[in-house]
Amino acid sequence: MSTTTVEDQLAEVRRRIDRLQALAQLDGAEERLRIQRHLDALHQEEASVAAAARSAPDEVEEKLGRLKTRLVVAEHSVAADVSDDWATFSAAVEGELRCWDNYLERLQASVAAKAWKAREQAEAAIGDVRTRRLAIDERLAQARAATGDAWQEQRKRVTAARDELEQKAAELSTKLK
């Protein structure tokens, strides 16, 4: 991958991150913290791409793909956070979960080449994140079955599960650096 192409792609990623940063300034305190966690993860991934571009060019494409996938997760998550009705929230969370699947698949592929013990630990951590992702699916299904105006309470439960997933994914990403 050429350096110019990487720089162009990083510039586009930065523009999208800047849009998320602007949203963090508009929303309430709870949403701001969630968006900031995404921004922190994105900045880590971005730094990893930049470091690879300087010293490990064969890793750039993989790291850039991971960054882009993580960015789409953040965009869906923010869309869910700023939504004001159940249908929009639910659709955004479903999109977020699909993107988490893609992100975890990328991580799984990147650990395949690691030494046996490191790979075993990384795969266990990825499994833990996948379990949390599945728990969100379950809570989302339970929320759909709820009746009446209980969607705000269901939204809180789904959001709490999303928080747990994000925290575990952040821990995993840090371990795999």
# chains A, B, ... in the order shown; residues from 1 in each chain; ligands from 1
>>> closest_atom_pairs(of="stretch 34-87 of chain A", to="stretch 102-118 of chain A", cutoff="9 Å", atoms="only C-alpha atoms", output="Markdown table")
| residue | atom | partner | partner_atom | distance |
| --- | --- | --- | --- | --- |
| A:Glu62 | CA | A:Ser110 | CA | 7.8 |
| A:Gly65 | CA | A:Arg106 | CA | 8.0 |
| A:Arg66 | CA | A:Tyr103 | CA | 6.4 |
| A:Leu67 | CA | A:Tyr103 | CA | 8.9 |
| A:Thr69 | CA | A:Tyr103 | CA | 5.7 |
| A:Arg70 | CA | A:Tyr103 | CA | 6.4 |
| A:Val73 | CA | A:Tyr103 | CA | 8.2 |
>>> write_last_selection(atoms="N, CA, C and O atoms", output="PDB file, in the first residue's frame")
ATOM      1  N   GLU A  62      -3.637  -4.091   7.484  1.00  0.00           N
ATOM      2  CA  GLU A  62      -4.428  -4.745   8.537  1.00  0.00           C
ATOM      3  C   GLU A  62      -4.861  -3.736   9.596  1.00  0.00           C
ATOM      4  O   GLU A  62      -6.025  -3.697  10.000  1.00  0.00           O
ATOM      5  N   GLY A  65      -7.464  -1.307   8.260  1.00  0.00           N
ATOM      6  CA  GLY A  65      -8.768  -1.968   8.195  1.00  0.00           C
ATOM      7  C   GLY A  65      -9.417  -2.052   9.556  1.00  0.00           C
ATOM      8  O   GLY A  65     -10.632  -1.840   9.710  1.00  0.00           O
ATOM      9  N   ARG A  66      -8.618  -2.353  10.570  1.00  0.00           N
ATOM     10  CA  ARG A  66      -9.137  -2.415  11.943  1.00  0.00           C
ATOM     11  C   ARG A  66      -9.622  -1.042  12.397  1.00  0.00           C
ATOM     12  O   ARG A  66     -10.693  -0.921  13.007  1.00  0.00           O
ATOM     13  N   LEU A  67      -8.857  -0.004  12.079  1.00  0.00           N
ATOM     14  CA  LEU A  67      -9.245   1.364  12.438  1.00  0.00           C
ATOM     15  C   LEU A  67     -10.574   1.740  11.777  1.00  0.00           C
ATOM     16  O   LEU A  67     -11.481   2.263  12.430  1.00  0.00           O
ATOM     17  N   THR A  69     -12.915  -0.228  10.667  1.00  0.00           N
ATOM     18  CA  THR A  69     -14.001  -1.034  11.231  1.00  0.00           C
ATOM     19  C   THR A  69     -14.401  -0.485  12.590  1.00  0.00           C
ATOM     20  O   THR A  69     -15.590  -0.365  12.907  1.00  0.00           O
ATOM     21  N   ARG A  70     -13.426  -0.122  13.407  1.00  0.00           N
ATOM     22  CA  ARG A  70     -13.709   0.439  14.735  1.00  0.00           C
ATOM     23  C   ARG A  70     -14.425   1.777  14.615  1.00  0.00           C
ATOM     24  O   ARG A  70     -15.293   2.107  15.426  1.00  0.00           O
ATOM     25  N   VAL A  73     -18.045   1.126  13.992  1.00  0.00           N
ATOM     26  CA  VAL A  73     -18.672   0.751  15.268  1.00  0.00           C
ATOM     27  C   VAL A  73     -19.045   2.015  16.030  1.00  0.00           C
ATOM     28  O   VAL A  73     -20.178   2.166  16.503  1.00  0.00           O
TER      29      VAL A  73
END
>>> residues_around(residues="stretch 6-8 of chain A", least_positions_apart="2", cutoff="12 Å", atoms="only C-alpha atoms", output="PDB file with N, CA, C and O atoms, in the first residue's frame")
ATOM      1  N   MET A   1       0.858  -1.176   0.000  1.00  0.00           N
ATOM      2  CA  MET A   1       0.000   0.000   0.000  1.00  0.00           C
ATOM      3  C   MET A   1       0.897   1.231   0.000  1.00  0.00           C
ATOM      4  O   MET A   1       1.837   1.310   0.779  1.00  0.00           O
ATOM      5  N   SER A   2       0.623   2.178  -0.866  1.00  0.00           N
ATOM      6  CA  SER A   2       1.475   3.359  -0.957  1.00  0.00           C
ATOM      7  C   SER A   2       1.225   4.295   0.223  1.00  0.00           C
ATOM      8  O   SER A   2       0.139   4.339   0.788  1.00  0.00           O
ATOM      9  N   THR A   3       2.260   5.045   0.554  1.00  0.00           N
ATOM     10  CA  THR A   3       2.181   5.972   1.688  1.00  0.00           C
ATOM     11  C   THR A   3       1.119   7.041   1.438  1.00  0.00           C
ATOM     12  O   THR A   3       0.366   7.392   2.334  1.00  0.00           O
ATOM     13  N   THR A   4       1.040   7.541   0.210  1.00  0.00           N
ATOM     14  CA  THR A   4       0.038   8.564  -0.111  1.00  0.00           C
ATOM     15  C   THR A   4      -1.362   8.026   0.131  1.00  0.00           C
ATOM     16  O   THR A   4      -2.203   8.703   0.709  1.00  0.00           O
ATOM     17  N   LEU A  10      -6.112   7.967   6.077  1.00  0.00           N
ATOM     18  CA  LEU A  10      -6.071   8.483   7.453  1.00  0.00           C
ATOM     19  C   LEU A  10      -6.715   9.864   7.536  1.00  0.00           C
ATOM     20  O   LEU A  10      -7.385  10.172   8.529  1.00  0.00           O
ATOM     21  N   ALA A  11      -6.536  10.682   6.519  1.00  0.00           N
ATOM     22  CA  ALA A  11      -7.163  12.013   6.511  1.00  0.00           C
ATOM     23  C   ALA A  11      -8.684  11.877   6.523  1.00  0.00           C
ATOM     24  O   ALA A  11      -9.376  12.604   7.251  1.00  0.00           O
ATOM     25  N   GLU A  12      -9.216  10.944   5.730  1.00  0.00           N
ATOM     26  CA  GLU A  12     -10.667  10.717   5.715  1.00  0.00           C
ATOM     27  C   GLU A  12     -11.139  10.197   7.070  1.00  0.00           C
ATOM     28  O   GLU A  12     -12.174  10.634   7.589  1.00  0.00           O
ATOM     29  N   VAL A  13     -10.385   9.289   7.661  1.00  0.00           N
ATOM     30  CA  VAL A  13     -10.732   8.770   8.989  1.00  0.00           C
ATOM     31  C   VAL A  13     -10.734   9.902  10.001  1.00  0.00           C
ATOM     32  O   VAL A  13     -11.651  10.005  10.825  1.00  0.00           O
ATOM     33  N   ARG A  14      -9.743  10.776   9.934  1.00  0.00           N
ATOM     34  CA  ARG A  14      -9.671  11.904  10.881  1.00  0.00           C
ATOM     35  C   ARG A  14     -10.880  12.824  10.738  1.00  0.00           C
ATOM     36  O   ARG A  14     -11.398  13.329  11.734  1.00  0.00           O
ATOM     37  N   ARG A  15     -11.328  13.050   9.503  1.00  0.00           N
ATOM     38  CA  ARG A  15     -12.522  13.892   9.289  1.00  0.00           C
ATOM     39  C   ARG A  15     -13.738  13.258   9.969  1.00  0.00           C
ATOM     40  O   ARG A  15     -14.534  13.945  10.612  1.00  0.00           O
ATOM     41  N   GLU A  46      -5.562   4.742  15.463  1.00  0.00           N
ATOM     42  CA  GLU A  46      -4.937   5.647  14.496  1.00  0.00           C
ATOM     43  C   GLU A  46      -3.432   5.737  14.742  1.00  0.00           C
ATOM     44  O   GLU A  46      -2.634   5.690  13.796  1.00  0.00           O
ATOM     45  N   VAL A  49      -1.752   2.689  13.374  1.00  0.00           N
ATOM     46  CA  VAL A  49      -1.574   2.747  11.925  1.00  0.00           C
ATOM     47  C   VAL A  49      -0.382   3.631  11.578  1.00  0.00           C
ATOM     48  O   VAL A  49       0.459   3.260  10.753  1.00  0.00           O
ATOM     49  N   ALA A  50      -0.293   4.791  12.209  1.00  0.00           N
ATOM     50  CA  ALA A  50       0.805   5.716  11.928  1.00  0.00           C
ATOM     51  C   ALA A  50       2.156   5.084  12.278  1.00  0.00           C
ATOM     52  O   ALA A  50       3.118   5.216  11.520  1.00  0.00           O
ATOM     53  N   ALA A  51       2.209   4.383  13.405  1.00  0.00           N
ATOM     54  CA  ALA A  51       3.456   3.717  13.807  1.00  0.00           C
ATOM     55  C   ALA A  51       3.826   2.623  12.808  1.00  0.00           C
ATOM     56  O   ALA A  51       5.000   2.475  12.441  1.00  0.00           O
ATOM     57  N   ALA A  52       2.837   1.877  12.355  1.00  0.00           N
ATOM     58  CA  ALA A  52       3.095   0.821  11.370  1.00  0.00           C
ATOM     59  C   ALA A  52       3.578   1.426  10.053  1.00  0.00           C
ATOM     60  O   ALA A  52       4.464   0.865   9.397  1.00  0.00           O
ATOM     61  N   ALA A  53       3.016   2.566   9.672  1.00  0.00           N
ATOM     62  CA  ALA A  53       3.433   3.216   8.426  1.00  0.00           C
ATOM     63  C   ALA A  53       4.906   3.600   8.482  1.00  0.00           C
ATOM     64  O   ALA A  53       5.607   3.545   7.466  1.00  0.00           O
ATOM     65  N   ARG A  54       5.382   3.948   9.663  1.00  0.00           N
ATOM     66  CA  ARG A  54       6.785   4.334   9.829  1.00  0.00           C
ATOM     67  C   ARG A  54       7.720   3.135   9.940  1.00  0.00           C
ATOM     68  O   ARG A  54       8.828   3.170   9.428  1.00  0.00           O
ATOM     69  N   PRO A  57       5.590  -1.506   7.504  1.00  0.00           N
ATOM     70  CA  PRO A  57       4.656  -1.295   6.398  1.00  0.00           C
ATOM     71  C   PRO A  57       3.790  -2.502   6.052  1.00  0.00           C
ATOM     72  O   PRO A  57       2.675  -2.336   5.561  1.00  0.00           O
ATOM     73  N   GLU A  59       2.210  -4.263   8.044  1.00  0.00           N
ATOM     74  CA  GLU A  59       1.082  -4.311   8.976  1.00  0.00           C
ATOM     75  C   GLU A  59       0.072  -3.180   8.751  1.00  0.00           C
ATOM     76  O   GLU A  59      -0.992  -3.176   9.370  1.00  0.00           O
ATOM     77  N   VAL A  60       0.408  -2.239   7.893  1.00  0.00           N
ATOM     78  CA  VAL A  60      -0.420  -1.040   7.720  1.00  0.00           C
ATOM     79  C   VAL A  60      -1.826  -1.378   7.253  1.00  0.00           C
ATOM     80  O   VAL A  60      -2.813  -0.886   7.810  1.00  0.00           O
ATOM     81  N   GLU A  61      -1.939  -2.210   6.239  1.00  0.00           N
ATOM     82  CA  GLU A  61      -3.259  -2.507   5.678  1.00  0.00           C
ATOM     83  C   GLU A  61      -4.172  -3.142   6.728  1.00  0.00           C
ATOM     84  O   GLU A  61      -5.340  -2.766   6.862  1.00  0.00           O
ATOM     85  N   GLU A  62      -3.637  -4.091   7.484  1.00  0.00           N
ATOM     86  CA  GLU A  62      -4.428  -4.745   8.537  1.00  0.00           C
ATOM     87  C   GLU A  62      -4.861  -3.736   9.596  1.00  0.00           C
ATOM     88  O   GLU A  62      -6.025  -3.697  10.000  1.00  0.00           O
ATOM     89  N   LYS A  63      -3.938  -2.913  10.045  1.00  0.00           N
ATOM     90  CA  LYS A  63      -4.248  -1.938  11.095  1.00  0.00           C
ATOM     91  C   LYS A  63      -5.206  -0.863  10.601  1.00  0.00           C
ATOM     92  O   LYS A  63      -6.083  -0.416  11.336  1.00  0.00           O
ATOM     93  N   LEU A  64      -5.054  -0.467   9.352  1.00  0.00           N
ATOM     94  CA  LEU A  64      -5.962   0.523   8.774  1.00  0.00           C
ATOM     95  C   LEU A  64      -7.376  -0.059   8.662  1.00  0.00           C
ATOM     96  O   LEU A  64      -8.359   0.613   8.971  1.00  0.00           O
ATOM     97  N   GLY A  65      -7.464  -1.307   8.260  1.00  0.00           N
ATOM     98  CA  GLY A  65      -8.768  -1.968   8.195  1.00  0.00           C
ATOM     99  C   GLY A  65      -9.417  -2.052   9.556  1.00  0.00           C
ATOM    100  O   GLY A  65     -10.632  -1.840   9.710  1.00  0.00           O
ATOM    101  N   LEU A  67      -8.857  -0.004  12.079  1.00  0.00           N
ATOM    102  CA  LEU A  67      -9.245   1.364  12.438  1.00  0.00           C
ATOM    103  C   LEU A  67     -10.574   1.740  11.777  1.00  0.00           C
ATOM    104  O   LEU A  67     -11.481   2.263  12.430  1.00  0.00           O
ATOM    105  N   LYS A  68     -10.700   1.452  10.493  1.00  0.00           N
ATOM    106  CA  LYS A  68     -11.930   1.796   9.782  1.00  0.00           C
ATOM    107  C   LYS A  68     -13.125   1.031  10.348  1.00  0.00           C
ATOM    108  O   LYS A  68     -14.218   1.583  10.486  1.00  0.00           O
TER     109      LYS A  68
END
>>> closest_residue(among="A:Asp85, A:Asp101, A:Asp58, A:Glu153", to="A:Arg132", atoms="only C-alpha atoms")
A:Asp101
>>> residues_around(residues="A:Ser90", least_positions_apart="4", cutoff="10 Å", atoms="only C-alpha atoms", output="list in words")
Ala80, Ser83, Asp85, Trp86, Glu94, Gly95, Glu96, Leu140, Ala141, Ala143, Arg144, Arg155 and Val158 of chain A
>>> write_last_selection(atoms="all heavy atoms", output="compact mmCIF listing (two decimals), in the first residue's frame")
# COMPACT_ATOMS: atom_id res chain seq x y z
N ALA A 80 -26.97 5.42 17.87
CA ALA A 80 -27.88 4.86 18.88
C ALA A 80 -28.01 5.81 20.07
O ALA A 80 -29.12 6.04 20.56
CB ALA A 80 -27.37 3.49 19.35
N SER A 83 -30.22 8.83 19.33
CA SER A 83 -31.57 8.54 18.83
C SER A 83 -32.62 8.91 19.88
O SER A 83 -32.34 8.90 21.07
CB SER A 83 -31.69 7.06 18.47
OG SER A 83 -31.61 6.27 19.63
N ASP A 85 -35.99 7.59 19.52
CA ASP A 85 -37.11 6.66 19.48
C ASP A 85 -36.56 5.23 19.42
O ASP A 85 -35.40 5.02 19.06
CB ASP A 85 -38.05 6.94 18.29
CG ASP A 85 -37.37 6.75 16.96
OD1 ASP A 85 -37.22 5.59 16.52
OD2 ASP A 85 -36.95 7.76 16.36
N TRP A 86 -37.42 4.28 19.78
CA TRP A 86 -36.98 2.90 19.88
C TRP A 86 -36.52 2.33 18.54
O TRP A 86 -35.50 1.65 18.46
CB TRP A 86 -38.08 2.01 20.48
CG TRP A 86 -37.64 0.59 20.48
CD1 TRP A 86 -38.08 -0.40 19.67
CD2 TRP A 86 -36.63 0.01 21.30
NE1 TRP A 86 -37.41 -1.57 19.95
CE2 TRP A 86 -36.50 -1.34 20.93
CE3 TRP A 86 -35.79 0.50 22.31
CZ2 TRP A 86 -35.60 -2.21 21.54
CZ3 TRP A 86 -34.90 -0.36 22.91
CH2 TRP A 86 -34.81 -1.69 22.53
N GLU A 94 -28.30 -2.62 16.22
CA GLU A 94 -28.09 -3.78 15.35
C GLU A 94 -26.92 -3.54 14.40
O GLU A 94 -26.10 -4.43 14.17
CB GLU A 94 -29.36 -4.10 14.57
CG GLU A 94 -30.43 -4.72 15.44
CD GLU A 94 -31.76 -4.89 14.72
OE1 GLU A 94 -31.90 -4.46 13.55
OE2 GLU A 94 -32.67 -5.48 15.33
N GLY A 95 -26.83 -2.34 13.84
CA GLY A 95 -25.69 -1.99 12.99
C GLY A 95 -24.38 -2.03 13.77
O GLY A 95 -23.37 -2.52 13.27
N GLU A 96 -24.43 -1.52 14.97
CA GLU A 96 -23.24 -1.54 15.83
C GLU A 96 -22.79 -2.97 16.09
O GLU A 96 -21.60 -3.29 16.00
CB GLU A 96 -23.57 -0.83 17.15
CG GLU A 96 -22.46 -0.81 18.16
CD GLU A 96 -22.87 -0.18 19.48
OE1 GLU A 96 -24.05 0.21 19.65
OE2 GLU A 96 -22.00 -0.08 20.36
N LEU A 140 -31.59 -6.91 23.50
CA LEU A 140 -32.34 -6.23 22.45
C LEU A 140 -33.61 -7.02 22.12
O LEU A 140 -34.68 -6.44 21.97
CB LEU A 140 -31.45 -6.06 21.22
CG LEU A 140 -31.77 -4.96 20.23
CD1 LEU A 140 -31.89 -3.60 20.90
CD2 LEU A 140 -30.71 -4.91 19.14
N ALA A 141 -33.50 -8.33 22.04
CA ALA A 141 -34.67 -9.18 21.77
C ALA A 141 -35.68 -9.07 22.91
O ALA A 141 -36.89 -8.99 22.66
CB ALA A 141 -34.23 -10.63 21.58
N ALA A 143 -36.06 -6.55 24.85
CA ALA A 143 -36.62 -5.20 24.78
C ALA A 143 -37.71 -5.11 23.72
O ALA A 143 -38.73 -4.45 23.93
CB ALA A 143 -35.51 -4.19 24.48
N ARG A 144 -37.51 -5.80 22.60
CA ARG A 144 -38.53 -5.79 21.55
C ARG A 144 -39.83 -6.43 22.04
O ARG A 144 -40.90 -6.06 21.61
CB ARG A 144 -38.02 -6.55 20.33
CG ARG A 144 -37.09 -5.74 19.48
CD ARG A 144 -36.83 -6.45 18.16
NE ARG A 144 -35.65 -5.90 17.56
CZ ARG A 144 -34.44 -6.46 17.63
NH1 ARG A 144 -34.26 -7.60 18.23
NH2 ARG A 144 -33.41 -5.87 17.07
N ARG A 155 -33.92 0.49 26.96
CA ARG A 155 -32.78 1.17 26.34
C ARG A 155 -31.63 1.27 27.34
O ARG A 155 -30.47 1.06 26.98
CB ARG A 155 -33.21 2.57 25.87
CG ARG A 155 -32.09 3.36 25.27
CD ARG A 155 -32.55 4.76 24.88
NE ARG A 155 -31.45 5.54 24.40
CZ ARG A 155 -31.49 6.32 23.35
NH1 ARG A 155 -32.62 6.45 22.67
NH2 ARG A 155 -30.45 7.00 22.97
N VAL A 158 -29.94 -2.15 27.55
CA VAL A 158 -29.14 -2.43 26.35
C VAL A 158 -27.88 -1.57 26.36
O VAL A 158 -26.78 -2.04 26.06
CB VAL A 158 -29.98 -2.19 25.07
CG1 VAL A 158 -29.11 -2.24 23.82
CG2 VAL A 158 -31.10 -3.22 24.97
>>> closest_residue(among="A:Arg162, A:Ser173, A:Glu30, A:Gln25", to="A:His76", atoms="only C-alpha atoms")
A:Arg162
>>> atom_distance(atom1="atom CA of A:Ile126", atom2="atom CA of A:Ala169")
8.1 Å
>>> atom_distance(atom1="atom CA of A:Lys168", atom2="atom CA of A:Ala145")
27.4 Å
>>> closest_residue(among="A:Asp137, A:Glu123, A:Asp128, A:Glu171", to="A:Thr159", atoms="only C-alpha atoms")
A:Asp137
>>> closest_residue(among="A:Leu23, A:Leu71, A:Lys175, A:Leu33", to="A:Glu45", atoms="only C-alpha atoms")
A:Leu71
>>> atom_distance(atom1="atom CA of A:Arg130", atom2="atom CA of A:Val93")
15.0 Å
